[in-house]
Amino acid sequence: MSSRQYLIGELAARAGVSVRTIRYYISEGLLPPPQTRGRYSVYDEDYLQRIRLIRRLKDAYLPIKEIRYMLETRTEEELEDFVQHYESKLGPGGDALAYISGVLERRPDAQSRDGLASRSRASAAVRSQPVDNARAGSDVMPDGAGWRRFVIADGLELHVSEPVLAQFGRAVRQLVRDGQEMLRRGGQAR
C-alpha cells in the first residue's frame with residue numbers, strides 16, 4: 001500500500017472519473033469502502049489503480065455485473081492478461097463506431113428478399129447455431145466459451161454464451177419459443 005492518500009475529489013480528478021462514479025463503484029462492490037479519517041474518507045493508490053482497471057474493463061464493453069465477478073474471481077495478473085488480450089484485438093480506431101463499421105463491411109450485401117422471407121418462415125421452430133465469429137465480428141470469450149445464436153424472427157436474434165446455455169438451456173429455448181409465439185400473435189402477450 002502506498003503512503004499517498006487522496007480525498008474523494010482528488011482521487012476522482014487523478015482517475016479521470018466523477019465523484020459520483022467512485023461512489024457508484026463502491027455501492028456496486030467494485031471498490032471496497034474507504035478508510036475514514038475523522039469526517040473524511042481517504043483513498044490510496046490501490047483505489048486509483050483499481051479505478052483505472054475498471055475503466056479498461058468497461059472499455060472492453062463488459063457490464064458492471066461481469067466486471068464485479070472478474071474482480072472477485074480473478075487475480076490481478078489474469079485481469080491484466082484479459083485487458084491486454086482485448087486491447088491487442090482492438091487495434092487503431094477501436095471504438096464502438098469502428099467496430100460496427102467493420103462488421104457492416106464484412107456483411108454480405110447479396111441477400112435477396114426471397115432468401116430473407118424463407119429464412120423467416122424456417123424460424124418458426126427454435127433454431128440454434130454457433131455464431132460465425134469471423135463473420136459476426138464477435139470474439140470467443142477469454143475463457144474459451146463460445147456463443148450460440150437463436151433466431152426468433154427475421155432480424156431478431158438472441159445470443160447466449162455456452163456456459164449460460166449449459167446451465168439454463170431449457171429456459172432459453174422456452175424464451176425463444178415464447179418470443180416466436182408472441183410475434184406470430186402480432187406482439188400480444190398471452
# chains A, B, ... in the order shown; residues from 1 in each chain; ligands from 1
>>> residues_around(residues="stretch 57-68 of chain A", least_positions_apart="6", cutoff="8 Å", atoms="only C-alpha atoms", output="mmCIF file with C-alpha atoms, in the first residue's frame")
data_model
loop_
_atom_site.group_PDB
_atom_site.id
_atom_site.type_symbol
_atom_site.label_atom_id
_atom_site.label_comp_id
_atom_site.auth_asym_id
_atom_site.auth_seq_id
_atom_site.Cartn_x
_atom_site.Cartn_y
_atom_site.Cartn_z
ATOM 1 C CA GLU A 28 -21.807 -1.847 -6.692
ATOM 2 C CA GLY A 29 -18.966 -3.641 -4.892
ATOM 3 C CA LEU A 30 -16.315 -2.792 -7.488
ATOM 4 C CA VAL A 83 -7.341 -6.493 -20.795
ATOM 5 C CA TYR A 86 -8.777 -7.314 -25.608
ATOM 6 C CA GLU A 87 -6.650 -4.245 -26.330
#
>>> residues_around(residues="stretch 41-50 of chain A", least_positions_apart="5", cutoff="9 Å", atoms="only C-alpha atoms", output="VMD selection string")
chain A and resid 1 to 8 11 to 12 14 to 15 30 to 36 55
>>> atom_distance(atom1="atom CA of A:Arg52", atom2="atom CA of A:Thr73")
18.1 Å
>>> residues_around(residues="A:Glu162", least_positions_apart="4", cutoff="7 Å", atoms="only C-alpha atoms", output="PDB file with C-alpha atoms, in the first residue's frame")
ATOM      1  CA  ALA A 145     -16.503 -20.223 -24.207  1.00  0.00           C
ATOM      2  CA  GLY A 146     -18.369 -19.667 -27.449  1.00  0.00           C
ATOM      3  CA  TRP A 147     -21.779 -18.239 -28.213  1.00  0.00           C
ATOM      4  CA  ARG A 148     -25.000 -19.707 -29.615  1.00  0.00           C
ATOM      5  CA  ALA A 166     -25.460 -25.299 -20.426  1.00  0.00           C
TER       6      ALA A 166
END
>>> atom_distance(atom1="atom CA of A:Asp81", atom2="atom CA of A:Thr21")
25.0 Å
>>> atom_distance(atom1="atom CA of A:Arg56", atom2="atom CA of A:Leu158")
26.5 Å
>>> closest_residue(among="A:Ala171, A:Leu53, A:Ile26, A:Leu165", to="A:Met70", atoms="only C-alpha atoms")
A:Leu53
>>> select_by_dssp(residues="stretch 13-49 of chain A", states="strand (DSSP E or B)", output="VMD selection string")
chain A and resid 35 to 37 40 to 44
>>> closest_residue(among="A:Ile54, A:Val172, A:His159, A:Val164", to="A:Tyr25", atoms="only C-alpha atoms")
A:Ile54
